[in-house]
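*Asks:* Handing over start38.pdb, PDB, C-alpha atoms.
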ATOM      1  CA  TRP A   1       0.000   0.000   0.000  1.00  0.00           C
ATOM      2  CA  ARG A   2       1.696   3.154  -1.116  1.00  0.00           C
ATOM      3  CA  GLY A   3       1.841   6.064   1.283  1.00  0.00           C
ATOM      4  CA  GLY A   4       3.241   3.988   4.136  1.00  0.00           C
ATOM      5  CA  ALA A   5       0.104   2.267   5.409  1.00  0.00           C
ATOM      6  CA  MET A   6       1.511  -1.086   4.451  1.00  0.00           C
ATOM      7  CA  VAL A   7       5.107  -2.059   3.845  1.00  0.00           C
ATOM      8  CA  LYS A   8       5.952  -3.250   0.344  1.00  0.00           C
ATOM      9  CA  SER A   9       6.075  -6.980  -0.107  1.00  0.00           C
ATOM     10  CA  PRO A  10       9.218  -8.707   1.170  1.00  0.00           C
ATOM     11  CA  ALA A  11       9.570  -9.905  -2.437  1.00  0.00           C
ATOM     12  CA  ALA A  12      11.243  -6.564  -3.168  1.00  0.00           C
ATOM     13  CA  LYS A  13      13.803  -6.902  -0.397  1.00  0.00           C
ATOM     14  CA  LYS A  14      17.454  -7.332  -1.292  1.00  0.00           C
ATOM     15  CA  PRO A  15      18.116 -10.690   0.491  1.00  0.00           C
ATOM     16  CA  GLY A  16      15.590 -12.435  -1.742  1.00  0.00           C
ATOM     17  CA  ARG A  17      17.160 -11.039  -4.874  1.00  0.00           C
ATOM     18  CA  GLN A  18      20.564 -12.256  -3.747  1.00  0.00           C
ATOM     19  CA  ILE A  19      19.314 -15.819  -3.375  1.00  0.00           C
ATOM     20  CA  VAL A  20      17.807 -15.850  -6.866  1.00  0.00           C
ATOM     21  CA  ALA A  21      20.828 -14.160  -8.424  1.00  0.00           C
ATOM     22  CA  LYS A  22      23.251 -16.692  -6.947  1.00  0.00           C
ATOM     23  CA  LYS A  23      21.178 -19.852  -7.304  1.00  0.00           C
ATOM     24  CA  GLY A  24      18.678 -19.105 -10.056  1.00  0.00           C
ATOM     25  CA  ALA A  25      14.981 -19.661  -9.440  1.00  0.00           C
ATOM     26  CA  GLN A  26      15.121 -23.165 -10.944  1.00  0.00           C
ATOM     27  CA  ALA A  27      17.992 -24.124  -8.645  1.00  0.00           C
ATOM     28  CA  LEU A  28      16.175 -23.296  -5.413  1.00  0.00           C
ATOM     29  CA  GLY A  29      15.620 -26.327  -3.217  1.00  0.00           C
ATOM     30  CA  LYS A  30      12.108 -27.732  -2.946  1.00  0.00           C
ATOM     31  CA  SER A  31       9.990 -28.990  -0.052  1.00  0.00           C
ATOM     32  CA  VAL A  32       6.593 -30.641   0.387  1.00  0.00           C
ATOM     33  CA  MET A  33       3.710 -30.090   2.789  1.00  0.00           C
ATOM     34  CA  ARG A  34       4.801 -32.812   5.217  1.00  0.00           C
ATOM     35  CA  ASP A  35       8.097 -30.928   5.692  1.00  0.00           C
ATOM     36  CA  VAL A  36       6.331 -28.157   7.645  1.00  0.00           C
ATOM     37  CA  ALA A  37       3.829 -28.049  10.501  1.00  0.00           C
ATOM     38  CA  VAL A  38       1.546 -25.416  12.019  1.00  0.00           C
ATOM     39  CA  ARG A  39       1.702 -25.260  15.821  1.00  0.00           C
ATOM     40  CA  GLY A  40       1.789 -22.746  18.646  1.00  0.00           C
ATOM     41  CA  SER A  41       4.299 -19.966  17.953  1.00  0.00           C
ATOM     42  CA  THR A  42       7.356 -19.381  20.116  1.00  0.00           C
ATOM     43  CA  LEU A  43       6.558 -15.652  19.962  1.00  0.00           C
ATOM     44  CA  LYS A  44       4.436 -14.395  22.839  1.00  0.00           C
ATOM     45  CA  GLY A  45       0.959 -13.425  21.678  1.00  0.00           C
ATOM     46  CA  ALA A  46       1.576 -14.479  18.069  1.00  0.00           C
ATOM     47  CA  GLY A  47      -0.880 -17.380  18.046  1.00  0.00           C
ATOM     48  CA  MET A  48       0.119 -20.095  15.590  1.00  0.00           C
ATOM     49  CA  GLY A  49       3.404 -20.352  13.720  1.00  0.00           C
ATOM     50  CA  LEU A  50       4.978 -22.466  10.981  1.00  0.00           C
ATOM     51  CA  PHE A  51       7.791 -24.888  11.878  1.00  0.00           C
ATOM     52  CA  ALA A  52      10.295 -27.016   9.993  1.00  0.00           C
ATOM     53  CA  VAL A  53       9.669 -30.750  10.389  1.00  0.00           C
ATOM     54  CA  ARG A  54      12.975 -31.640   8.720  1.00  0.00           C
ATOM     55  CA  ASP A  55      16.226 -29.739   8.176  1.00  0.00           C
ATOM     56  CA  PHE A  56      15.946 -27.069   5.469  1.00  0.00           C
ATOM     57  CA  PRO A  57      19.154 -26.085   3.654  1.00  0.00           C
ATOM     58  CA  LYS A  58      19.688 -22.456   2.724  1.00  0.00           C
ATOM     59  CA  ALA A  59      17.831 -21.305  -0.420  1.00  0.00           C
ATOM     60  CA  THR A  60      15.007 -23.833  -0.110  1.00  0.00           C
ATOM     61  CA  LEU A  61      11.448 -22.905  -1.060  1.00  0.00           C
ATOM     62  CA  LEU A  62       8.679 -23.566   1.414  1.00  0.00           C
ATOM     63  CA  PRO A  63       6.136 -26.055  -0.019  1.00  0.00           C
ATOM     64  CA  VAL A  64       3.577 -23.821  -1.720  1.00  0.00           C
ATOM     65  CA  PRO A  65       3.165 -20.153  -2.673  1.00  0.00           C
ATOM     66  CA  TYR A  66       1.219 -17.706  -0.543  1.00  0.00           C
ATOM     67  CA  LYS A  67      -2.445 -18.395  -1.276  1.00  0.00           C
ATOM     68  CA  GLY A  68      -5.625 -16.399  -0.855  1.00  0.00           C
ATOM     69  CA  ARG A  69      -8.059 -14.054  -2.511  1.00  0.00           C
ATOM     70  CA  ARG A  70      -6.446 -12.133  -5.349  1.00  0.00           C
ATOM     71  CA  LEU A  71      -7.131  -8.409  -5.032  1.00  0.00           C
ATOM     72  CA  THR A  72      -6.890  -5.529  -7.476  1.00  0.00           C
ATOM     73  CA  TYR A  73      -5.344  -2.318  -6.183  1.00  0.00           C
ATOM     74  CA  GLU A  74      -8.812  -0.790  -5.795  1.00  0.00           C
ATOM     75  CA  GLU A  75     -10.042  -3.799  -3.806  1.00  0.00           C
ATOM     76  CA  PHE A  76      -6.931  -3.684  -1.649  1.00  0.00           C
ATOM     77  CA  THR A  77      -7.356  -0.006  -0.776  1.00  0.00           C
ATOM     78  CA  ARG A  78     -10.919  -0.720   0.381  1.00  0.00           C
ATOM     79  CA  LEU A  79      -9.788  -3.550   2.640  1.00  0.00           C
ATOM     80  CA  ARG A  80     -10.131  -2.901   6.372  1.00  0.00           C
ATOM     81  CA  ASP A  81      -7.782  -5.674   7.492  1.00  0.00           C
ATOM     82  CA  PHE A  82      -4.589  -6.098   5.464  1.00  0.00           C
ATOM     83  CA  ARG A  83      -2.605  -8.107   8.011  1.00  0.00           C
ATOM     84  CA  TRP A  84      -2.695 -11.238   5.850  1.00  0.00           C
ATOM     85  CA  CYS A  85      -2.017  -9.493   2.531  1.00  0.00           C
ATOM     86  CA  PHE A  86       1.101 -10.122   0.478  1.00  0.00           C
ATOM     87  CA  GLN A  87       1.805  -7.641  -2.289  1.00  0.00           C
ATOM     88  CA  VAL A  88       2.640  -9.206  -5.670  1.00  0.00           C
ATOM     89  CA  GLU A  89       1.781  -6.571  -8.324  1.00  0.00           C
ATOM     90  CA  GLU A  90       1.271  -9.215 -11.012  1.00  0.00           C
ATOM     91  CA  GLY A  91      -1.052  -8.279 -13.879  1.00  0.00           C
ATOM     92  CA  ASN A  92      -4.414  -7.278 -12.448  1.00  0.00           C
ATOM     93  CA  CYS A  93      -3.509  -8.698  -9.039  1.00  0.00           C
ATOM     94  CA  TRP A  94      -2.070  -6.192  -6.596  1.00  0.00           C
ATOM     95  CA  ALA A  95      -2.056  -8.389  -3.491  1.00  0.00           C
ATOM     96  CA  VAL A  96      -3.060 -11.809  -2.195  1.00  0.00           C
ATOM     97  CA  ASP A  97      -5.195 -11.860   0.959  1.00  0.00           C
ATOM     98  CA  GLY A  98      -4.672 -15.068   2.934  1.00  0.00           C
ATOM     99  CA  LYS A  99      -6.894 -14.176   5.901  1.00  0.00           C
ATOM    100  CA  ALA A 100      -9.790 -16.526   5.128  1.00  0.00           C
ATOM    101  CA  LEU A 101      -7.763 -19.389   3.636  1.00  0.00           C
ATOM    102  CA  LYS A 102      -6.290 -21.307   6.570  1.00  0.00           C
ATOM    103  CA  ARG A 103      -6.139 -24.844   5.166  1.00  0.00           C
ATOM    104  CA  ALA A 104      -3.269 -25.846   2.867  1.00  0.00           C
ATOM    105  CA  ASN A 105      -1.866 -22.317   3.156  1.00  0.00           C
ATOM    106  CA  PRO A 106       1.161 -22.702   5.455  1.00  0.00           C
ATOM    107  CA  LEU A 107       2.818 -19.398   4.523  1.00  0.00           C
ATOM    108  CA  ARG A 108      -0.104 -17.624   6.161  1.00  0.00           C
ATOM    109  CA  PHE A 109       1.264 -18.804   9.522  1.00  0.00           C
ATOM    110  CA  VAL A 110       4.823 -17.499   9.106  1.00  0.00           C
ATOM    111  CA  ASN A 111       5.131 -14.775  11.729  1.00  0.00           C
ATOM    112  CA  GLY A 112       6.904 -11.477  11.215  1.00  0.00           C
ATOM    113  CA  ALA A 113       9.832 -10.406  13.401  1.00  0.00           C
ATOM    114  CA  ARG A 114       9.192  -7.219  15.323  1.00  0.00           C
ATOM    115  CA  THR A 115      11.936  -6.763  17.939  1.00  0.00           C
ATOM    116  CA  PRO A 116      15.718  -6.773  17.380  1.00  0.00           C
ATOM    117  CA  ALA A 117      15.922 -10.180  19.083  1.00  0.00           C
ATOM    118  CA  GLN A 118      13.224 -11.556  16.799  1.00  0.00           C
ATOM    119  CA  ARG A 119      14.892 -10.109  13.702  1.00  0.00           C
ATOM    120  CA  ARG A 120      18.015 -12.084  14.558  1.00  0.00           C
ATOM    121  CA  ARG A 121      15.857 -15.208  14.167  1.00  0.00           C
ATOM    122  CA  VAL A 122      14.641 -14.330  10.651  1.00  0.00           C
ATOM    123  CA  ASN A 123      15.281 -17.284   8.355  1.00  0.00           C
ATOM    124  CA  VAL A 124      13.006 -16.815   5.319  1.00  0.00           C
ATOM    125  CA  VAL A 125      12.423 -14.101   2.736  1.00  0.00           C
ATOM    126  CA  GLY A 126       9.580 -13.452   0.312  1.00  0.00           C
ATOM    127  CA  LEU A 127      10.198 -13.905  -3.418  1.00  0.00           C
ATOM    128  CA  LYS A 128       8.077 -13.321  -6.493  1.00  0.00           C
ATOM    129  CA  LEU A 129       9.141 -15.985  -8.981  1.00  0.00           C
ATOM    130  CA  GLU A 130       8.496 -16.380 -12.704  1.00  0.00           C
ATOM    131  CA  ASP A 131       5.014 -17.769 -12.058  1.00  0.00           C
ATOM    132  CA  GLY A 132       4.014 -14.384 -10.597  1.00  0.00           C
ATOM    133  CA  GLN A 133       3.276 -15.879  -7.196  1.00  0.00           C
ATOM    134  CA  ALA A 134       4.739 -15.055  -3.787  1.00  0.00           C
ATOM    135  CA  TRP A 135       6.978 -17.763  -2.345  1.00  0.00           C
ATOM    136  CA  PHE A 136       9.083 -17.926   0.824  1.00  0.00           C
ATOM    137  CA  ALA A 137      12.650 -19.261   0.700  1.00  0.00           C
ATOM    138  CA  THR A 138      15.123 -19.915   3.483  1.00  0.00           C
ATOM    139  CA  THR A 139      17.963 -17.423   3.870  1.00  0.00           C
ATOM    140  CA  ARG A 140      20.067 -19.796   5.974  1.00  0.00           C
ATOM    141  CA  PRO A 141      19.947 -23.430   7.141  1.00  0.00           C
ATOM    142  CA  VAL A 142      16.843 -24.062   9.262  1.00  0.00           C
ATOM    143  CA  PRO A 143      17.089 -27.085  11.597  1.00  0.00           C
ATOM    144  CA  ALA A 144      14.077 -29.320  12.206  1.00  0.00           C
ATOM    145  CA  GLY A 145      11.859 -27.933  14.965  1.00  0.00           C
ATOM    146  CA  THR A 146      12.723 -24.295  14.192  1.00  0.00           C
ATOM    147  CA  GLU A 147       9.990 -21.735  13.631  1.00  0.00           C
ATOM    148  CA  PHE A 148      10.076 -19.946  10.287  1.00  0.00           C
ATOM    149  CA  MET A 149      10.240 -16.175  10.651  1.00  0.00           C
ATOM    150  CA  ILE A 150      10.220 -13.306   8.157  1.00  0.00           C
ATOM    151  CA  ASP A 151      10.971  -9.574   8.360  1.00  0.00           C
ATOM    152  CA  TYR A 152       8.141  -7.400   7.036  1.00  0.00           C
ATOM    153  CA  GLY A 153      10.008  -4.199   7.912  1.00  0.00           C
ATOM    154  CA  PRO A 154       9.159  -1.351  10.319  1.00  0.00           C
ATOM    155  CA  GLY A 155       6.408   0.087   8.104  1.00  0.00           C
ATOM    156  CA  TYR A 156       4.259  -2.998   8.633  1.00  0.00           C
ATOM    157  CA  TRP A 157       4.438  -2.702  12.417  1.00  0.00           C
ATOM    158  CA  GLN A 158       3.796   1.042  12.365  1.00  0.00           C
ATOM    159  CA  ALA A 159       0.625   0.388  10.383  1.00  0.00           C
ATOM    160  CA  TYR A 160      -0.275  -2.552  12.619  1.00  0.00           C
ATOM    161  CA  ASP A 161       0.034  -0.466  15.771  1.00  0.00           C
ATOM    162  CA  ALA A 162      -2.038   2.362  14.304  1.00  0.00           C
ATOM    163  CA  CYS A 163      -4.816   0.075  13.072  1.00  0.00           C
ATOM    164  CA  TRP A 164      -4.896  -2.688  15.686  1.00  0.00           C
ATOM    165  CA  GLY A 165      -2.342  -2.200  18.466  1.00  0.00           C
ATOM    166  CA  ARG A 166      -3.932   0.878  20.016  1.00  0.00           C
ATOM    167  CA  PRO A 167      -7.531  -0.410  19.749  1.00  0.00           C
ATOM    168  CA  GLU A 168      -6.495  -3.716  21.323  1.00  0.00           C
ATOM    169  CA  ARG A 169      -4.820  -1.905  24.227  1.00  0.00           C
ATOM    170  CA  LEU A 170      -7.878   0.296  24.754  1.00  0.00           C
ATOM    171  CA  GLN A 171     -10.218  -2.706  24.712  1.00  0.00           C
ATOM    172  CA  ALA A 172      -8.053  -4.469  27.296  1.00  0.00           C
ATOM    173  CA  LYS A 173      -8.054  -1.324  29.450  1.00  0.00           C
ATOM    174  CA  ILE A 174     -11.856  -1.080  29.222  1.00  0.00           C
ATOM    175  CA  ARG A 175     -12.282  -4.702  30.294  1.00  0.00           C
ATOM    176  CA  LYS A 176      -9.985  -4.147  33.277  1.00  0.00           C
ATOM    177  CA  LEU A 177     -11.752  -0.940  34.349  1.00  0.00           C
ATOM    178  CA  ARG A 178     -15.169  -2.589  34.091  1.00  0.00           C
ATOM    179  CA  THR A 179     -13.983  -5.394  36.359  1.00  0.00           C
ATOM    180  CA  GLU A 180     -12.635  -2.874  38.872  1.00  0.00           C
ATOM    181  CA  LEU A 181     -15.886  -0.915  38.694  1.00  0.00           C
ATOM    182  CA  ARG A 182     -17.977  -3.984  39.513  1.00  0.00           C
ATOM    183  CA  ARG A 183     -15.825  -4.632  42.569  1.00  0.00           C
ATOM    184  CA  ALA A 184     -15.999  -1.025  43.751  1.00  0.00           C
ATOM    185  CA  SER A 185     -19.748  -0.685  43.140  1.00  0.00           C
ATOM    186  CA  SER A 186     -20.646  -2.966  46.031  1.00  0.00           C
ATOM    187  CA  SER A 187     -19.826  -0.303  48.622  1.00  0.00           C
ATOM    188  CA  SER A 188     -21.054   3.232  49.280  1.00  0.00           C
ATOM    189  CA  THR A 189     -18.409   4.194  51.829  1.00  0.00           C
ATOM    190  CA  GLY A 190     -16.462   7.390  51.248  1.00  0.00           C
ATOM    191  CA  PRO A 191     -13.095   6.036  50.018  1.00  0.00           C
ATOM    192  CA  LEU A 192     -14.652   3.381  47.773  1.00  0.00           C
ATOM    193  CA  LYS A 193     -17.202   5.834  46.432  1.00  0.00           C
ATOM    194  CA  ARG A 194     -14.427   8.200  45.366  1.00  0.00           C
ATOM    195  CA  GLN A 195     -12.515   5.277  43.876  1.00  0.00           C
ATOM    196  CA  ARG A 196     -15.622   4.286  41.905  1.00  0.00           C
ATOM    197  CA  GLN A 197     -15.936   7.807  40.542  1.00  0.00           C
ATOM    198  CA  ARG A 198     -12.304   7.775  39.379  1.00  0.00           C
ATOM    199  CA  ILE A 199     -12.819   4.414  37.675  1.00  0.00           C
ATOM    200  CA  GLU A 200     -15.999   5.652  35.973  1.00  0.00           C
ATOM    201  CA  GLU A 201     -14.159   8.712  34.653  1.00  0.00           C
ATOM    202  CA  ALA A 202     -11.243   6.603  33.373  1.00  0.00           C
ATOM    203  CA  LEU A 203     -13.671   4.146  31.769  1.00  0.00           C
ATOM    204  CA  GLU A 204     -15.602   6.907  30.024  1.00  0.00           C
ATOM    205  CA  GLU A 205     -12.351   8.408  28.709  1.00  0.00           C
ATOM    206  CA  ALA A 206     -11.144   5.032  27.359  1.00  0.00           C
ATOM    207  CA  GLU A 207     -14.509   4.348  25.693  1.00  0.00           C
ATOM    208  CA  ASP A 208     -14.444   7.807  24.090  1.00  0.00           C
ATOM    209  CA  GLU A 209     -10.935   7.153  22.722  1.00  0.00           C
ATOM    210  CA  LEU A 210     -12.076   3.855  21.232  1.00  0.00           C
ATOM    211  CA  GLU A 211     -15.160   5.423  19.657  1.00  0.00           C
ATOM    212  CA  ALA A 212     -12.940   8.148  18.168  1.00  0.00           C
ATOM    213  CA  LEU A 213     -11.138   5.350  16.304  1.00  0.00           C
ATOM    214  CA  GLY A 214     -14.461   4.250  14.849  1.00  0.00           C
ATOM    215  CA  ILE A 215     -14.856   1.214  17.136  1.00  0.00           C
ATOM    216  CA  GLU A 216     -17.819   0.668  19.423  1.00  0.00           C
ATOM    217  CA  PRO A 217     -16.829  -0.662  22.872  1.00  0.00           C
ATOM    218  CA  ALA A 218     -18.094  -4.195  23.451  1.00  0.00           C
ATOM    219  CA  ALA A 219     -21.048  -4.445  25.803  1.00  0.00           C
TER     220      ALA A 219
END
Represent the structure from my file as structure tokens, please.
*Replies:*
Amino acid sequence: WRGGAMVKSPAAKKPGRQIVAKKGAQALGKSVMRDVAVRGSTLKGAGMGLFAVRDFPKATLLPVPYKGRRLTYEEFTRLRDFRWCFQVEEGNCWAVDGKALKRANPLRFVNGARTPAQRRRVNVVGLKLEDGQAWFATTRPVPAGTEFMIDYGPGYWQAYDACWGRPERLQAKIRKLRTELRRASSSSTGPLKRQRQRIEEALEEAEDELEALGIEPAA
């Protein structure tokens, strides 16, 4: 997404080009679906991740390309949730949205590195090959049992925080304040009454912030 809302596809990143230039797309190693497995990620809060079942040499393609709904640029710009989009710019297809396609789409579960420590664990890069599809290839040897990780760049996380990070934090704050309010509402004594008033004010402020982002607080 031009304008900084979404980082350009990792296919344009230099490490991927180096692999192709040195090996040639036809010389990249291959893998099959049984060589990878989806399981709980090693990254806190990341949900599921994709892991190597066998050792992957450097410059080996993951089993299948990134799959999903093919979007034109106009369709992409109207999308509210682009977290699962991979930009390909191939013909009439601007990006592939893998959000809804969870089965037989392992690349959807490759998590992006966010912190410096996580970036040191990056072991795959996105490539757009001659078939016009987005593939992931290893940038170094990946031992069996290792989680695959990619670097989407800082622009992705800036957009993520603006679109989802702040709303998620506000929703968590609202849930916490509502719990505190229920506990404080059982008493009418002076100190607890004042505490309840402070909680109510903080809750109203958090709900207003969330509504300003165009999100209705959950009941």
*Asks:* Determine, counting all atoms listed in the file, every residue of protein, DNA or RNA that lies within 12 Å of (18.1, -25.6, 4.3) in the file coordinates, then give the result as a list of chain:residue names.
*Replies:*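 Every polymer residue passing the test: A:Leu28, A:Gly29, A:Lys30, A:Ser31, A:Asp35, A:Ala52, A:Val53, A:Arg54, A:Asp55, A:Phe56, A:Pro57, A:Lys58, A:Ala59, A:Thr60, A:Leu61, A:Leu62, A:Asn123, A:Val124, A:Ala137, A:Thr138, A:Thr139, A:Arg140, A:Pro141, A:Val142, A:Pro143, A:Ala144, A:Thr146, A:Phe148.
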*Asks:* Residues of the last selection are to be written out with C-alpha atoms, as a PDB file, in the coordinates of the input.
*Replies:*
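Result went into selection26.pdb, see below:
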ATOM      1  CA  LEU A  28      16.175 -23.296  -5.413  1.00  0.00           C
ATOM      2  CA  GLY A  29      15.620 -26.327  -3.217  1.00  0.00           C
ATOM      3  CA  LYS A  30      12.108 -27.732  -2.946  1.00  0.00           C
ATOM      4  CA  SER A  31       9.990 -28.990  -0.052  1.00  0.00           C
ATOM      5  CA  ASP A  35       8.097 -30.928   5.692  1.00  0.00           C
ATOM      6  CA  ALA A  52      10.295 -27.016   9.993  1.00  0.00           C
ATOM      7  CA  VAL A  53       9.669 -30.750  10.389  1.00  0.00           C
ATOM      8  CA  ARG A  54      12.975 -31.640   8.720  1.00  0.00           C
ATOM      9  CA  ASP A  55      16.226 -29.739   8.176  1.00  0.00           C
ATOM     10  CA  PHE A  56      15.946 -27.069   5.469  1.00  0.00           C
ATOM     11  CA  PRO A  57      19.154 -26.085   3.654  1.00  0.00           C
ATOM     12  CA  LYS A  58      19.688 -22.456   2.724  1.00  0.00           C
ATOM     13  CA  ALA A  59      17.831 -21.305  -0.420  1.00  0.00           C
ATOM     14  CA  THR A  60      15.007 -23.833  -0.110  1.00  0.00           C
ATOM     15  CA  LEU A  61      11.448 -22.905  -1.060  1.00  0.00           C
ATOM     16  CA  LEU A  62       8.679 -23.566   1.414  1.00  0.00           C
ATOM     17  CA  ASN A 123      15.281 -17.284   8.355  1.00  0.00           C
ATOM     18  CA  VAL A 124      13.006 -16.815   5.319  1.00  0.00           C
ATOM     19  CA  ALA A 137      12.650 -19.261   0.700  1.00  0.00           C
ATOM     20  CA  THR A 138      15.123 -19.915   3.483  1.00  0.00           C
ATOM     21  CA  THR A 139      17.963 -17.423   3.870  1.00  0.00           C
ATOM     22  CA  ARG A 140      20.067 -19.796   5.974  1.00  0.00           C
ATOM     23  CA  PRO A 141      19.947 -23.430   7.141  1.00  0.00           C
ATOM     24  CA  VAL A 142      16.843 -24.062   9.262  1.00  0.00           C
ATOM     25  CA  PRO A 143      17.089 -27.085  11.597  1.00  0.00           C
ATOM     26  CA  ALA A 144      14.077 -29.320  12.206  1.00  0.00           C
ATOM     27  CA  THR A 146      12.723 -24.295  14.192  1.00  0.00           C
ATOM     28  CA  PHE A 148      10.076 -19.946  10.287  1.00  0.00           C
TER      29      PHE A 148
END
*Asks:* What does the distance from atom CA of A:Arg114 to atom CA of A:Ile150 come to in Å, to one decimal?
*Replies:* 9.5 Å
*Asks:* Which is closer to A:Arg120 than all the others in A:Val96, A:Ala104, A:Glu168, A:Met149, using all atoms listed in the file?
*Replies:*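 Closest candidate: A:Met149.
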*Asks:* Just how far from atom CA of A:Ser41 is atom CA of A:Ile174, in Å to one decimal?
*Replies:*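 One can read the atom CA of A:Ile174 to atom CA of A:Ser41 distance as 27.3 Å.
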*Asks:* Write out as JSON, numbers by chain which residues come within 12 Å of A:Leu181 when counting only C-alpha atoms, dropping same-chain ones fewer than 3 positions away.
*Replies:* {"A": [174, 175, 176, 177, 178, 184, 185, 186, 187, 192, 193, 194, 195, 196, 197, 198, 199, 200, 201, 202, 203, 204]}
*Asks:* Out of A:Glu75, A:Asp97, A:Glu130, A:Glu147, which residue has the shortest atom-to-atom distance to A:Met48 when counting only C-alpha atoms?
*Replies:* A:Glu147
*Asks:* Write out as an MDAnalysis selection string which residues come within 12 Å of A:Glu216 when counting all atoms listed in the file, dropping same-chain ones fewer than 5 positions away.
*Replies:* chainID A and resid 167 170:171 174 206:211
*Asks:* Out of A:Val38, A:Ala46, A:Val88, A:Ala100, which residue has the shortest atom-to-atom distance to A:Leu127 when counting only C-alpha atoms?
*Replies:*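 Nearest candidate to A:Leu127 out of A:Val38, A:Ala46, A:Val88, A:Ala100: A:Val88.
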*Asks:* List as a tab-separated table (two decimals) with C-alpha atoms, keeping the file's coordinate frame the protein and nucleic acid residues near A:Lys128, meaning an atom at most 7 Å away when only C-alpha atoms are counted, but skip any in the same chain fewer than 3 places from it.
*Replies:*
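Wrote result-v7.tsv, looks like this:
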chain	number	residue	atom	x	y	z
A	11	ALA	CA	9.57	-9.90	-2.44
A	88	VAL	CA	2.64	-9.21	-5.67
A	132	GLY	CA	4.01	-14.38	-10.60
A	133	GLN	CA	3.28	-15.88	-7.20
A	134	ALA	CA	4.74	-15.06	-3.79
A	135	TRP	CA	6.98	-17.76	-2.35
*Asks:* Could you state the separation of atom CA of A:Val32 and atom CA of A:Arg70 in Å, given to one decimal place?
*Replies:*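 Going from atom CA of A:Val32 over to atom CA of A:Arg70, I get 23.4 Å.
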*Asks:* Counting all atoms listed in the file, which of A:Asn92, A:Gly126, A:Ala113, A:Thr42 gets nearest to A:Tyr66?
*Replies:*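 For A:Tyr66, the nearest of the given residues is A:Gly126.
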*Asks:* Scan for residues within 7 Å of the point (-3.2, -10.7, 1.6) in the coordinates of the file, using all atoms listed in the file, and reply as number ranges by chain.
*Replies:* A: 68, 82-86, 95-99
